[in-house]
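Asker: Pasting query.cif below, which is mmCIF, C-alpha atoms.
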```cif
data_structure
#
loop_
_atom_site.label_atom_id
_atom_site.label_comp_id
_atom_site.auth_asym_id
_atom_site.auth_seq_id
_atom_site.Cartn_x
_atom_site.Cartn_y
_atom_site.Cartn_z
CA MET A 1 92.87 120.69 109.11
CA GLU A 2 89.29 121.68 108.28
CA ASP A 3 90.46 124.72 106.33
CA HIS A 4 92.68 123.44 103.53
CA ALA A 5 94.04 126.93 102.80
CA GLU A 6 95.62 127.04 106.27
CA TRP A 7 97.45 123.74 105.87
CA SER A 8 101.23 123.86 105.61
CA ARG A 9 103.26 120.98 104.35
CA PRO A 10 105.75 119.91 107.03
CA SER A 11 109.44 120.18 106.30
CA PRO A 12 111.22 117.03 105.12
CA GLY A 13 113.07 114.91 107.63
CA ARG A 14 116.74 114.03 107.65
CA SER A 15 116.27 111.21 105.17
CA GLY A 16 114.56 113.62 102.76
CA LEU A 17 117.37 116.15 103.08
CA ARG A 18 119.95 113.44 102.46
CA ALA A 19 118.03 112.38 99.35
CA ASP A 20 118.00 115.99 98.04
CA ILE A 21 121.75 116.36 98.61
CA ALA A 22 122.38 113.10 96.77
CA LEU A 23 120.15 114.25 93.89
CA ALA A 24 122.02 117.55 93.61
CA LEU A 25 125.41 115.84 93.54
CA VAL A 26 124.28 113.26 90.97
CA LEU A 27 122.85 115.97 88.69
CA ALA A 28 126.00 118.08 89.05
CA LEU A 29 128.23 115.16 88.07
CA ALA A 30 125.87 114.17 85.24
CA SER A 31 125.75 117.75 83.90
CA VAL A 32 129.55 117.91 83.66
CA THR A 33 129.62 114.53 81.92
CA THR A 34 126.93 115.39 79.38
CA ALA A 35 128.50 118.82 78.77
CA LEU A 36 131.79 117.16 77.81
CA LEU A 37 129.91 114.73 75.56
CA TYR A 38 127.98 117.56 73.87
CA GLN A 39 131.24 119.45 73.29
CA ARG A 40 132.78 116.35 71.77
CA THR A 41 129.99 116.14 69.17
CA GLY A 42 131.01 119.52 67.78
CA MET A 43 127.47 120.92 68.02
CA TYR A 44 128.75 123.86 70.12
CA PRO A 45 131.70 125.32 68.27
CA GLY A 46 131.86 128.48 70.38
CA ALA A 47 131.72 126.85 73.80
CA ALA A 48 132.15 129.00 76.89
CA ASP A 49 135.19 129.07 79.15
CA PRO A 50 135.47 126.47 81.92
CA TRP A 51 134.67 129.01 84.68
CA VAL A 52 131.37 129.81 82.90
CA TRP A 53 130.67 126.09 82.84
CA ALA A 54 131.31 125.90 86.56
CA VAL A 55 129.07 128.89 87.33
CA GLY A 56 126.22 127.84 85.04
CA LEU A 57 126.17 124.14 85.87
CA GLY A 58 126.82 124.78 89.59
CA LEU A 59 123.96 127.27 89.91
CA THR A 60 121.65 124.93 88.02
CA THR A 61 122.27 121.73 89.99
CA LEU A 62 123.86 122.23 93.43
CA PRO A 63 121.10 124.46 94.97
CA LEU A 64 118.69 121.53 94.54
CA ALA A 65 120.18 120.14 97.75
CA LEU A 66 118.00 122.70 99.58
CA ARG A 67 115.06 122.61 97.23
CA ARG A 68 112.44 121.47 99.80
CA LEU A 69 113.69 123.78 102.55
CA TYR A 70 113.82 126.94 100.40
CA PRO A 71 111.81 126.23 97.23
CA VAL A 72 111.48 129.79 95.93
CA PRO A 73 115.12 130.93 96.34
CA VAL A 74 116.35 127.64 94.87
CA ALA A 75 114.04 128.01 91.84
CA ILE A 76 115.30 131.56 91.22
CA VAL A 77 118.97 130.53 91.49
CA VAL A 78 118.45 127.51 89.22
CA SER A 79 116.70 129.73 86.66
CA ILE A 80 119.68 132.08 86.68
CA GLY A 81 122.02 129.15 86.17
CA PHE A 82 119.82 127.89 83.32
CA PHE A 83 119.99 131.33 81.69
CA VAL A 84 123.78 131.45 82.06
CA CYS A 85 124.16 128.03 80.42
CA GLY A 86 121.86 128.86 77.54
CA GLN A 87 123.01 132.42 76.93
CA PHE A 88 126.78 131.98 77.18
CA GLY A 89 127.18 128.72 75.31
CA VAL A 90 127.65 126.06 77.97
CA PRO A 91 127.30 122.85 75.94
CA GLU A 92 124.60 121.19 78.05
CA VAL A 93 120.86 120.84 77.42
CA LEU A 94 119.57 117.65 79.03
CA ILE A 95 120.51 117.95 82.75
CA ILE A 96 119.83 121.69 83.06
CA ASN A 97 116.31 121.15 81.75
CA ILE A 98 115.78 118.36 84.29
CA ALA A 99 117.13 120.59 87.08
CA LEU A 100 114.89 123.55 86.17
CA PHE A 101 111.83 121.31 85.93
CA CYS A 102 112.64 119.82 89.35
CA ALA A 103 113.05 123.30 90.87
CA LEU A 104 109.73 124.58 89.48
CA TYR A 105 107.97 121.39 90.52
CA THR A 106 109.32 121.77 94.06
CA VAL A 107 107.94 125.29 94.35
CA GLY A 108 104.47 123.97 93.55
CA ALA A 109 104.82 120.91 95.78
CA TRP A 110 106.50 122.39 98.88
CA GLU A 111 106.17 126.17 99.09
CA ARG A 112 103.83 126.96 102.01
CA ARG A 113 102.93 130.44 100.74
CA ARG A 114 100.71 129.42 97.88
CA ALA A 115 100.29 132.89 96.38
CA LEU A 116 104.07 133.30 96.28
CA ALA A 117 104.44 129.85 94.71
CA LEU A 118 102.02 130.83 91.95
CA TRP A 119 103.64 134.16 91.13
CA VAL A 120 107.20 132.80 91.21
CA ARG A 121 106.40 130.01 88.78
CA LEU A 122 104.43 132.37 86.58
CA GLY A 123 107.24 134.94 86.65
CA ILE A 124 109.96 132.41 85.82
CA GLY A 125 107.85 130.88 83.04
CA VAL A 126 107.06 134.26 81.45
CA ALA A 127 110.72 135.38 81.73
CA MET A 128 111.92 132.17 80.09
CA MET A 129 109.36 132.44 77.29
CA VAL A 130 110.34 136.05 76.64
CA TRP A 131 114.00 135.09 76.57
CA ILE A 132 113.36 132.20 74.16
CA THR A 133 111.25 134.43 71.90
CA VAL A 134 113.95 137.12 71.82
CA VAL A 135 116.60 134.49 71.00
CA LEU A 136 114.45 133.12 68.18
CA ILE A 137 113.85 136.61 66.74
CA VAL A 138 117.54 137.50 66.90
CA SER A 139 118.52 134.16 65.37
CA SER A 140 116.09 134.67 62.49
CA SER A 141 118.13 137.64 61.27
CA SER A 142 121.50 135.95 61.70
CA ASP A 143 122.89 133.98 58.80
CA ASP A 144 125.29 132.08 61.07
CA ALA A 145 122.51 130.64 63.27
CA PHE A 146 120.79 127.52 62.01
CA GLU A 147 122.57 127.37 58.68
CA GLY A 148 120.68 125.62 55.91
CA ILE A 149 117.24 126.31 57.36
CA SER A 150 114.97 128.40 55.11
CA ARG A 151 113.68 131.66 56.62
CA SER A 152 111.50 132.85 53.73
CA GLY A 153 107.73 132.94 54.17
CA ILE A 154 105.43 132.76 57.14
CA PHE A 155 105.45 128.94 57.06
CA SER A 156 109.18 128.62 56.50
CA ALA A 157 111.22 125.86 58.08
CA TYR A 158 112.64 128.31 60.64
CA ALA A 159 109.14 129.56 61.54
CA THR A 160 108.07 125.96 62.04
CA PHE A 161 111.11 125.35 64.23
CA ALA A 162 110.28 128.48 66.30
CA VAL A 163 106.68 127.34 66.82
CA ILE A 164 107.90 123.90 67.92
CA GLN A 165 110.25 125.53 70.43
CA ILE A 166 107.49 127.71 71.88
CA ILE A 167 105.01 124.84 72.15
CA THR A 168 107.63 122.58 73.74
CA ASN A 169 108.50 125.19 76.37
CA LEU A 170 104.84 125.92 77.09
CA LEU A 171 104.26 122.22 77.72
CA TYR A 172 107.44 122.10 79.80
CA PHE A 173 106.42 124.89 82.19
CA SER A 174 102.79 123.76 82.28
CA GLY A 175 103.89 120.24 83.22
CA ALA A 176 106.06 121.54 86.05
CA TYR A 177 103.12 123.60 87.32
CA PHE A 178 100.61 120.74 87.03
CA PHE A 179 102.70 118.08 88.75
CA GLY A 180 103.76 120.47 91.51
CA GLU A 181 100.14 121.39 92.29
CA ARG A 182 99.10 117.76 92.16
CA SER A 183 101.82 116.80 94.65
CA TRP A 184 100.72 119.59 97.01
CA ARG A 185 97.07 118.53 96.86
CA SER A 186 97.95 114.86 97.36
CA ALA A 187 100.06 115.65 100.41
CA ARG A 188 97.30 117.85 101.83
CA GLN A 189 94.69 115.17 101.28
CA GLN A 190 96.92 112.55 102.88
CA ALA A 191 97.45 114.78 105.91
CA LEU A 192 93.70 115.39 106.14
CA LEU A 193 92.97 111.65 106.04
CA GLU A 194 95.59 110.98 108.72
CA ALA A 195 94.11 113.70 110.94
CA GLN A 196 90.64 112.27 110.46
CA GLY A 197 92.01 108.82 111.29
CA ARG A 198 93.48 110.17 114.54
CA GLU A 199 90.17 111.87 115.38
CA LEU A 200 88.26 108.65 114.70
CA ASP A 201 90.70 106.68 116.83
CA LEU A 202 90.29 109.21 119.66
CA GLU A 203 86.53 109.05 119.24
CA ARG A 204 86.63 105.24 119.41
CA GLN A 205 88.69 105.41 122.58
CA THR A 206 86.28 107.95 124.09
CA SER A 207 83.28 105.84 123.10
CA ALA A 208 84.88 102.75 124.60
CA ALA A 209 85.58 104.62 127.83
CA GLN A 210 81.99 105.89 127.91
CA ALA A 211 80.65 102.39 127.27
CA ILE A 212 82.75 101.05 130.15
CA ALA A 213 81.49 103.84 132.40
CA LEU A 214 77.88 103.09 131.44
CA ASP A 215 78.43 99.39 132.11
CA ARG A 216 79.91 100.19 135.50
CA LEU A 217 76.91 102.36 136.34
CA ALA A 218 74.51 99.63 135.25
CA ILE A 219 76.35 97.03 137.32
CA ALA A 220 76.46 99.38 140.31
CA ARG A 221 72.71 99.94 140.07
CA GLU A 222 71.99 96.23 139.84
CA LEU A 223 74.21 95.42 142.80
CA HIS A 224 72.65 98.21 144.82
CA ASP A 225 69.12 97.02 144.00
CA VAL A 226 69.88 93.40 144.85
CA VAL A 227 72.05 93.92 147.91
CA ALA A 228 70.25 96.89 149.46
CA HIS A 229 66.79 95.39 149.08
CA HIS A 230 67.35 91.80 150.09
CA VAL A 231 69.96 92.48 152.74
CA SER A 232 67.72 95.07 154.40
CA VAL A 233 64.89 92.50 154.50
CA MET A 234 67.25 89.90 155.92
CA GLY A 235 68.50 92.32 158.56
CA ILE A 236 65.02 93.28 159.69
CA GLN A 237 63.80 89.69 159.85
CA ALA A 238 66.94 88.52 161.61
CA ALA A 239 66.45 91.23 164.25
CA ALA A 240 62.81 90.22 164.69
CA ALA A 241 63.81 86.57 165.06
CA ARG A 242 66.43 87.45 167.66
CA ARG A 243 63.94 89.44 169.74
CA SER A 244 61.16 86.84 169.58
CA ILE A 245 63.09 83.57 169.60
CA GLU A 246 62.45 82.98 173.34
CA ARG A 247 58.93 84.26 173.85
CA ASP A 248 57.50 83.47 170.39
CA PRO A 249 59.51 80.71 168.64
CA ALA A 250 56.91 80.38 165.87
CA ARG A 251 57.33 84.00 164.91
CA ALA A 252 61.09 83.65 165.00
CA VAL A 253 60.89 80.64 162.69
CA ALA A 254 58.71 82.60 160.26
CA ALA A 255 61.18 85.51 160.31
CA LEU A 256 64.08 83.18 159.65
CA GLY A 257 62.10 81.68 156.79
CA VAL A 258 61.87 85.15 155.23
CA VAL A 259 65.62 85.57 155.75
CA GLU A 260 66.24 82.28 153.97
CA GLU A 261 63.94 83.20 151.09
CA SER A 262 65.49 86.64 150.70
CA ALA A 263 68.97 85.14 150.74
CA GLY A 264 67.98 82.64 148.05
CA THR A 265 66.44 85.36 145.90
CA ALA A 266 69.50 87.56 146.31
CA VAL A 267 71.80 84.70 145.31
CA ASP A 268 69.66 83.93 142.24
CA GLU A 269 69.72 87.56 141.10
CA LEU A 270 73.45 87.82 141.69
CA ARG A 271 74.00 84.64 139.68
CA ARG A 272 71.87 86.07 136.87
CA LEU A 273 73.90 89.29 136.96
CA VAL A 274 77.22 87.44 136.92
CA GLY A 275 75.96 85.21 134.10
CA THR A 276 75.04 88.27 132.06
CA LEU A 277 78.47 89.77 132.65
CA ARG A 278 80.17 86.56 131.55
CA ASP A 279 77.97 86.11 128.46
CA PRO A 280 76.12 89.30 127.41
CA ALA A 281 74.25 87.31 124.73
CA LYS A 282 72.24 85.58 127.45
CA GLU A 283 70.75 88.86 128.60
CA GLY A 284 68.43 89.23 125.64
CA SER A 285 67.32 85.60 125.72
CA ALA A 286 66.77 85.32 129.49
CA PRO A 287 63.12 85.70 130.52
CA THR A 288 62.32 88.81 132.55
CA THR A 289 60.88 87.91 135.96
CA ILE A 290 60.38 91.43 137.28
CA GLY A 291 58.02 94.22 136.30
CA VAL A 292 55.00 96.15 137.51
CA ALA A 293 52.97 92.95 137.37
CA HIS A 294 55.08 91.71 140.30
CA LEU A 295 54.56 94.72 142.55
CA SER A 296 52.25 92.66 144.73
CA GLU A 297 55.21 90.44 145.60
CA LEU A 298 57.20 93.48 146.72
CA VAL A 299 54.26 94.65 148.80
CA ALA A 300 53.89 91.21 150.42
CA GLU A 301 57.60 91.15 151.16
CA ALA A 302 57.40 94.59 152.77
CA GLN A 303 54.45 93.47 154.88
CA SER A 304 56.28 90.36 156.03
CA SER A 305 59.20 92.62 157.02
CA GLY A 306 56.98 94.52 159.43
CA THR A 307 56.02 97.50 157.24
CA PRO A 308 52.27 97.65 156.60
CA THR A 309 52.02 98.29 152.86
CA THR A 310 49.13 98.54 150.45
CA LEU A 311 49.02 98.41 146.66
CA ILE A 312 46.56 100.47 144.63
CA VAL A 313 46.28 100.08 140.86
CA ALA A 314 44.46 102.84 139.00
CA GLY A 315 43.50 102.86 135.34
CA GLU A 316 43.29 100.13 132.73
CA PRO A 317 46.42 97.90 132.93
CA ARG A 318 48.16 97.54 129.59
CA PRO A 319 51.45 96.16 128.29
CA ILE A 320 54.38 98.54 128.52
CA PRO A 321 57.89 98.27 127.07
CA MET A 322 60.11 95.84 128.94
CA LEU A 323 62.76 98.41 129.86
CA VAL A 324 60.13 100.78 131.24
CA ASP A 325 58.52 97.88 133.09
CA VAL A 326 61.78 96.90 134.78
CA ALA A 327 62.73 100.51 135.57
CA LEU A 328 59.40 101.19 137.32
CA TYR A 329 59.70 97.93 139.27
CA ARG A 330 63.20 98.87 140.45
CA VAL A 331 61.96 102.30 141.58
CA VAL A 332 59.28 100.70 143.77
CA GLN A 333 61.77 98.14 145.08
CA GLU A 334 64.29 100.82 146.06
CA ALA A 335 61.61 103.08 147.54
CA LEU A 336 60.25 100.30 149.76
CA THR A 337 63.79 99.45 150.83
CA ASN A 338 64.28 103.08 151.85
CA VAL A 339 61.01 102.98 153.80
CA ARG A 340 62.26 100.03 155.83
CA LYS A 341 65.64 101.65 156.39
CA HIS A 342 64.64 105.24 157.10
CA ALA A 343 60.93 105.58 157.91
CA GLY A 344 61.21 103.98 161.33
CA ARG A 345 59.33 101.30 163.20
CA GLY A 346 55.58 101.57 162.85
CA ALA A 347 55.64 103.46 159.55
CA THR A 348 53.16 102.46 156.86
CA ALA A 349 53.64 102.65 153.10
CA GLU A 350 51.38 102.92 150.11
CA VAL A 351 52.24 101.91 146.55
CA ARG A 352 50.19 103.35 143.68
CA LEU A 353 50.39 102.21 140.06
CA ARG A 354 48.58 104.47 137.60
CA PHE A 355 47.92 103.70 133.94
CA GLY A 356 47.02 107.04 132.38
CA THR A 357 46.06 107.78 128.80
CA ASP A 358 49.43 109.37 128.14
CA ALA A 359 51.72 108.06 130.91
CA VAL A 360 52.50 105.26 133.34
CA GLU A 361 53.29 106.28 136.90
CA VAL A 362 54.32 104.62 140.15
CA GLU A 363 54.24 106.28 143.53
CA VAL A 364 55.54 105.10 146.90
CA ALA A 365 54.62 107.12 149.97
CA ASP A 366 55.08 106.56 153.69
CA ASP A 367 54.01 108.45 156.82
CA GLY A 368 57.49 108.43 158.34
CA VAL A 369 56.23 108.45 161.91
CA ARG A 370 59.61 108.13 163.63
CA GLN A 371 62.12 110.04 161.44
CA GLU A 372 62.29 113.36 159.67
CA LEU A 373 63.63 114.14 156.24
CA THR A 374 66.96 115.33 157.64
CA GLN A 375 67.47 111.93 159.19
CA ARG A 376 66.65 110.18 155.91
CA SER A 377 69.30 112.18 154.09
CA ARG A 378 72.09 110.50 156.03
CA GLY A 379 72.13 107.69 153.47
CA SER A 380 74.52 107.58 150.53
CA GLY A 381 71.93 108.88 148.06
CA LEU A 382 72.85 106.20 145.53
CA GLY A 383 69.35 104.77 145.60
CA LEU A 384 67.69 108.01 144.49
CA GLN A 385 70.46 108.58 141.96
CA GLY A 386 69.92 105.11 140.52
CA MET A 387 66.17 105.78 140.24
CA ARG A 388 66.75 108.98 138.28
CA GLU A 389 69.25 107.28 135.99
CA ARG A 390 66.92 104.37 135.22
CA ILE A 391 63.82 106.47 134.63
CA GLY A 392 65.74 109.18 132.79
CA ALA A 393 67.11 106.56 130.40
CA VAL A 394 63.58 105.68 129.28
CA GLY A 395 62.54 109.33 128.97
CA GLY A 396 60.78 109.69 132.32
CA THR A 397 61.13 111.80 135.44
CA VAL A 398 61.48 111.08 139.15
CA HIS A 399 60.29 113.26 142.01
CA ALA A 400 61.42 112.49 145.55
CA GLY A 401 60.84 114.63 148.60
CA ARG A 402 59.07 115.30 151.83
CA ARG A 403 55.27 115.11 152.03
CA GLU A 404 53.31 118.02 153.43
CA ARG A 405 51.54 115.82 155.96
CA GLY A 406 54.70 114.04 157.00
CA GLY A 407 56.67 111.21 155.56
CA PHE A 408 58.38 110.79 152.22
CA ILE A 409 57.18 110.26 148.66
CA VAL A 410 58.81 108.96 145.50
CA ARG A 411 57.01 109.36 142.18
CA ALA A 412 58.25 108.11 138.81
CA CYS A 413 56.43 108.94 135.58
CA VAL A 414 57.11 107.84 132.00
CA GLN A 415 55.18 109.30 129.08
CA ASN A 416 53.86 106.74 126.61
CA GLU A 417 55.56 108.33 123.60
CA LEU A 418 58.84 108.73 125.49
CA ALA A 419 58.76 105.14 126.67
CA SER A 420 58.93 103.90 123.08
CA ALA A 421 61.24 106.65 121.77
CA HIS A 422 64.31 105.85 123.83
CA PRO A 423 64.98 102.12 123.39
CA ARG A 424 68.69 102.48 122.74
CA ALA A 425 69.36 104.88 125.57
CA ALA A 426 67.33 102.68 127.87
CA ALA A 427 69.24 99.59 126.85
CA ALA A 428 72.52 101.28 127.71
CA ALA A 429 71.59 102.93 131.00
CA ALA A 430 68.68 100.91 132.35
CA ALA A 431 69.94 97.39 131.63
CA SER A 432 68.42 94.95 134.07
#
```
Let me see the file written as structure tokens.

Answerer:
Amino acid sequence: MEDHAEWSRPSPGRSGLRADIALALVLALASVTTALLYQRTGMYPGAADPWVWAVGLGLTTLPLALRRLYPVPVAIVVSIGFFVCGQFGVPEVLIINIALFCALYTVGAWERRRALALWVRLGIGVAMMVWITVVLIVSSSSDDAFEGISRSGIFSAYATFAVIQIITNLLYFSGAYFFGERSWRSARQQALLEAQGRELDLERQTSAAQAIALDRLAIARELHDVVAHHVSVMGIQAAAARRSIERDPARAVAALGVVEESAGTAVDELRRLVGTLRDPAKEGSAPTTIGVAHLSELVAEAQSSGTPTTLIVAGEPRPIPMLVDVALYRVVQEALTNVRKHAGRGATAEVRLRFGTDAVEVEVADDGVRQELTQRSRGSGLGLQGMRERIGAVGGTVHAGRRERGGFIVRACVQNELASAHPRAAAAAAAS
């Protein structure tokens, strides 16, 4: 469809073929009727025999039933019929002119081989003009033709009549050419618009499917962050309470208090997530309660869960875009959750927040005293994948791997210029 020269007009359907057959029959009947009327007027004293009528009028009208299936052959046959009627005295002028015009128009409007369509119309037009010119020249020397019309002088009445005939026929063939080309171009443009409409509809469907997929990813990340983090804290504290409930009831009570707090926080975040899903407009108006400014709360929570954790802030703190702020917070949250799940009892963790001149970076490292990297990899990997998706959406990078001196490290970095250059991508993939 992009290359208009390669477009081919599709063949007409059954209704179109039925319409062409009806047109051919109507024109055939009308041509016989008008021929009888013309003969009755006495304008054609030397009328042809009935079989010549049948041949001429039949060739001129009946082939139009197939005009859109075989435009070029039909135009040639109709032209022959037109010549027979005009040359051998069939008393009909009106219908045969309509039929020839229709045939030439159809070649321009329906013939798929455009070069052939051009040369056929040009050839028929030139042949007809030559024939008309010859007839006019022969008639000018015949006293029986056009009696009473003066032939003397360049501007005689007959010369004026001949000029009128030539001009009329030039306009006739030019009109057939013009309207045929216009019909072809209109059909091609309509087909192009329909194809573009189908492409746009497919693109809308694809975009909708992609938007749904992005929403599902965002929801999956949020659920993973909420459930994995808080449930892991609840599990650790519940286990500590179970082990110490007899020998140290106070410690068990404190652990259960952490479980209760984590459960409440998880429920609040799940309610916020469900509320956002029910009414997306609330997402932009709801205040953000997470960000790098709240890393100390994550560190305190990790410490209360039995993982000694420290927070180090380097550089001059400064405001950062909200989406970057939330993404970095979620990275630290997920990393500390993984420390509790995979680093083993007795492991320590360190959280570093760096404000550089050209980037903001968070780093979570542990010493992994009880487990090796191969043991850590038994998890689903969704946490690390979610980190990369969040940070990638705001133009940053995530590095996660084994430390040389033992343990595991996660580092997320967002360049300052990238943090502000990807707001739309971040909104789609790092929604919080």

Asker: Evaluate the PyMOL selection byres ((chain A and resi 6-21) around 12) on the structure here and hand back the selected residues as a ChimeraX atom specification.

Answerer: /A:1-5,22-28,61-71,99,102-103,106-114,183-192,195

Asker: Counting all atoms listed in the file, which of A:Ser31, A:Gln39, A:Thr357, A:Ser79 gets nearest to Trp131 in chain A?

Answerer: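 Closest to Trp131 in chain A, using all atoms listed in the file: A:Ser79.
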
Asker: Within 10 Å of range 408-413 of chain A, counting only C-alpha atoms, which residues qualify if same-chain residues fewer than 3 places away don't, as a PyMOL selection string?

Answerer: chain A and resi 324+327-328+331-332+334-336+338-339+342-343+349-354+359-368+371-373+376+384+387-388+391-392+395-405+416+419

Asker: Return as a PDB file with C-alpha atoms, in the coordinates of the input the set of residues that the PyMOL selection byres ((chain A and resi 88) around 9) yields on the displayed structure.

Answerer:
```pdb
ATOM      1  CA  ALA A  47     131.720 126.850  73.800  1.00  0.00           C
ATOM      2  CA  ALA A  48     132.150 129.000  76.890  1.00  0.00           C
ATOM      3  CA  VAL A  52     131.370 129.810  82.900  1.00  0.00           C
ATOM      4  CA  GLY A  56     126.220 127.840  85.040  1.00  0.00           C
ATOM      5  CA  PHE A  83     119.990 131.330  81.690  1.00  0.00           C
ATOM      6  CA  VAL A  84     123.780 131.450  82.060  1.00  0.00           C
ATOM      7  CA  CYS A  85     124.160 128.030  80.420  1.00  0.00           C
ATOM      8  CA  GLY A  86     121.860 128.860  77.540  1.00  0.00           C
ATOM      9  CA  GLN A  87     123.010 132.420  76.930  1.00  0.00           C
ATOM     10  CA  GLY A  89     127.180 128.720  75.310  1.00  0.00           C
ATOM     11  CA  VAL A  90     127.650 126.060  77.970  1.00  0.00           C
TER      12      VAL A  90
END
```

Asker: Choose the residue, out of A:Gly58, A:Leu193, A:Glu92, A:Val267, that has the smallest atom-to-atom separation from Arg40 in chain A; count only C-alpha atoms.

Answerer: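 Closest candidate: A:Glu92.
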
Asker: Which value, in Å to one decimal, gives the distance between CA of Ala162 in chain A and CA of Thr133 in chain A?

Answerer: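 Between CA of Ala162 in chain A and CA of Thr133 in chain A the gap is 8.2 Å.
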
Asker: What is the distance between CA of Val120 in chain A and CA of Val74 in chain A, in Å to one decimal?

Answerer: 11.1 Å
